[in-house]
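Below is one structure, written out as structure tokens, with a few remarks after it.
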Amino acid sequence: MILFSYLLMSGVTTGALYALVALGLVVVNKATGVINFAQGEFFMFSGFVAWVLHVQLGLNYAVTFLFTIAIGFGLGALTDRIAFRPIAKADVVSLVLATVGIAFVLKGIARVLWGGKGDYLSFPSITSPDPITVFGLMVIPQQLAVLAGTIVILILFAAFFRLTRAGKMMQATADNAKAAVLVGIQTDKIYTLAFGTGAAIAAAAAVLTAPITLLYPDLGFPIFLKGFAAAVMGGLMSLPGAVLGGVILGVAESLAGGYIHSSVMELSPFIVIMIVLVFRPNGLFGFQTSRRV
Amino acid sequence: MAPFRRRNVLLVLLAIAIIVPPFANYYYLFVANLVAIYVLLAIGLNILVGYTGQLAFANAAMFGIGAYATGLLQVRLGWSFWLAFPVGGVIAAAVGLAISLPALRLKGLYLALSTLAFAQATQWVFLHWDAVTFGAGGFKTPPLSFDPLPISKPLGLYYLSLLLAVVLFLFAQNLVASRVGRAFIALRDSDFAAESLGVDLLRYKALAFGVSGFYAGIAGGLNSALLNFVAPEGFDLFQMVLQKAMIVVGGLGSIVGSLLGAGIIVILLEVLREVKGLQEIVFGALLVIFVLFMRGGLVGLLKRKVRGWEEPLRLVSRRVRPKQSETSQTAARTEKADS
């Protein structure tokens, strides 16, 4: 029971990370119809930026957090300008390959800048590293911080979509881009905003989880892949679906690692997603949309 | 006549590829051999991604399956290379067919995810199934000998690779210009339209995956013999991006483009071998630049600037008999998409 609760807790924490990455992917996909393959690299790169700000320049955690999110937003907006806007009408294969290219450029830059400094860079934890007991469950404080941070981000995000003008314009564009243009929404700006927001979420996730994941240039892709899997579970269009998908994958991974073998951990999300895709090709919560010819 | 037309250029390249290597040093021979292997990989991937339009990311894994199958059949079962190598190619083709089964229901981004997941799972098997695959450290394959032919191993392997590259190049050229190739292109441009014209989506998608898997498997077998060594890291994500960069730089939906792309990327790879970060930056940037500014790749440029570089699809569509309205429509579409 102690093992189970521990695994569940760490699974939910990892799941929260996947959920945030998936959320960023879904925001971009809803607006533009593209999966941004550089999302994981945004995460990795923002983590390193936060490390520079916090560890090398000695800024405090809150300031680091805000700066990193701003830089993440900039990276996302830049990706939109470079790899999406000029070719927005191209086929999915080209668009995806362009984001794959961006991902590799970022990974290469990170390797040149920070790759030589040991295998991993560790990011200091804002909380004490000793486990504490909450309601009889043993948890590591940083996990609670990650969970709390994720919940705050989710609430802010929902509020942004429901309450702000920009959020409503994003929803309108996602719903029907042509109609959005007709009512005077500048969809180009919405696309930039979507890419920026997606990357900013990845940056926030990076600052929250860097103390747990540690930092290395190859960190991005596995995280992207699991976020992608989580987003697919939700049908690529549903924000709550993406969050739920992330938590399911995180818990599945953690339980497989604890009860089967630790090496199965990396594999389990892919097995889960393969099974999901075989039986529900549009995701667990996806629904069959009318076929576009 | 155009002196730089495609056939002339390719024949000159082939003549150079046949005559020069016996006089080249081992390193250049190695690089030339690598080019031949990557030409196979790029052609296979281009058939699947460029012609059939499937957003698949499992080609590096297929490459690995071919290499592991060829290597393990020799090491574990004591087979000779000459038996293990073709069987390795067939195994990769079979795996390609097998993964196409779930993929037949999926498309676009869902297909991308399922093939990525498959590639990660393959990596995992290479790394963790120690009892068979020797785990993370990889394994050495037995030395290859060309007895009784009086030829050294590097040179023999080079000519073998070249022969296979030429034969499979010609096969691919004919395949994409055939009824099958036109079905691939039709299903890339619009699968519903293709289906309504009577193209059996299931069959042609599976075929594209199988052919692409076979090319990658053959390339994997040759690669294991070239390096005398097989290890998981050769078939990772970087390998996948390398292959994607080849077909994008050379030209999506062009067999000759695959050849050009493979040559250029392998040479760049060797030039930049010292710094992995720099390789990633350059290949990533090449992908972005070519997608943005030169969607047709180098071949697109050559088609516009040099006379005699048009793809043979045009010739085929002229030959189509008028009573086959189905194929001529597809061919017309093909021609439009290709020009």
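Going through the structure tokens in order, the chains are called A, B, and so on, while each chain numbers its residues from 1 and the ligands are numbered from 1 in the order shown.
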
Check the DSSP output for the backbone and give back, as a PyMOL selection string, the residues of stretch 27-251 of chain A in strand (DSSP E or B). chain A and resi 121+132-134+137-139+215

Got a sec to pull out which chain B residues are within 8 Å of chain A, counting only C-alpha atoms, and send them as a ChimeraX atom specification? /B:53,55,102,105-106,108-110,113-114,116-118,120-121,124,128,190,192-193,241,244,276-288,291-292

Who sits within 12 Å of B:Gln173, only C-alpha atoms, same chain under 5 positions skipped, as a list in words: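 Once the nearby chain positions are removed, what remains is Ile43, Gly44, Asn46, Ile47, Tyr51, Ala165, Val166, Val167, Leu168, Ser178, Val180, Gly181, Arg182, Gly253, Ser254, Ile255, Val256, Gly257, Ser258, Leu259, Glu311, Pro312, Leu313 and Val316 of chain B.
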
Contact residues around B:Arg307 with only C-alpha atoms at 9 Å, ignoring same-chain residues under 6 positions, as JSON, numbers by chain: {"B": [1, 2, 3, 4, 5, 6]}

For the atom pair atom CA of A:Trp51 and atom CA of A:Ser125, what is the interatomic distance in Å to one decimal place? 11.4 Å

Tell me, as a ChimeraX atom specification, which residues lie within 8 Å of B:Val299, counting only C-alpha atoms; anything in the same chain fewer than 2 positions away does not count. /B:250-251,254,256-257,260,296-297,301-303

Find the distance between atom CA of B:Ile99 and atom CA of B:Ala119 and write it in Å to one decimal. 10.5 Å

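Excluding A:Thr187 itself and any same-chain residue fewer than 5 positions from it, the protein and nucleic acid residues within 8 Å of it, counting only C-alpha atoms, are Thr173, Ala177, Ala180 and Val181 of chain A.
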
Quick one: residues within 8 Å of stretch 144-152 of chain A, only C-alpha atoms counted, chain neighbours fewer than 4 positions away excluded, as a ChimeraX atom specification? /A:13,16-17,20,127,139-140,156,205,208-209

What is the atom CA of A:Ala174-atom CA of A:Gln39 distance in Å, reported with one decimal?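 For atom CA of A:Ala174 relative to atom CA of A:Gln39, the distance reads 19.2 Å.
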
Write down as number ranges by chain the residues of stretch 79-242 of chain A whose backbone DSSP state falls under alpha helix (DSSP H). A: 79, 92-114, 141-163, 165-175, 177-182, 187-213, 220-233, 239-242
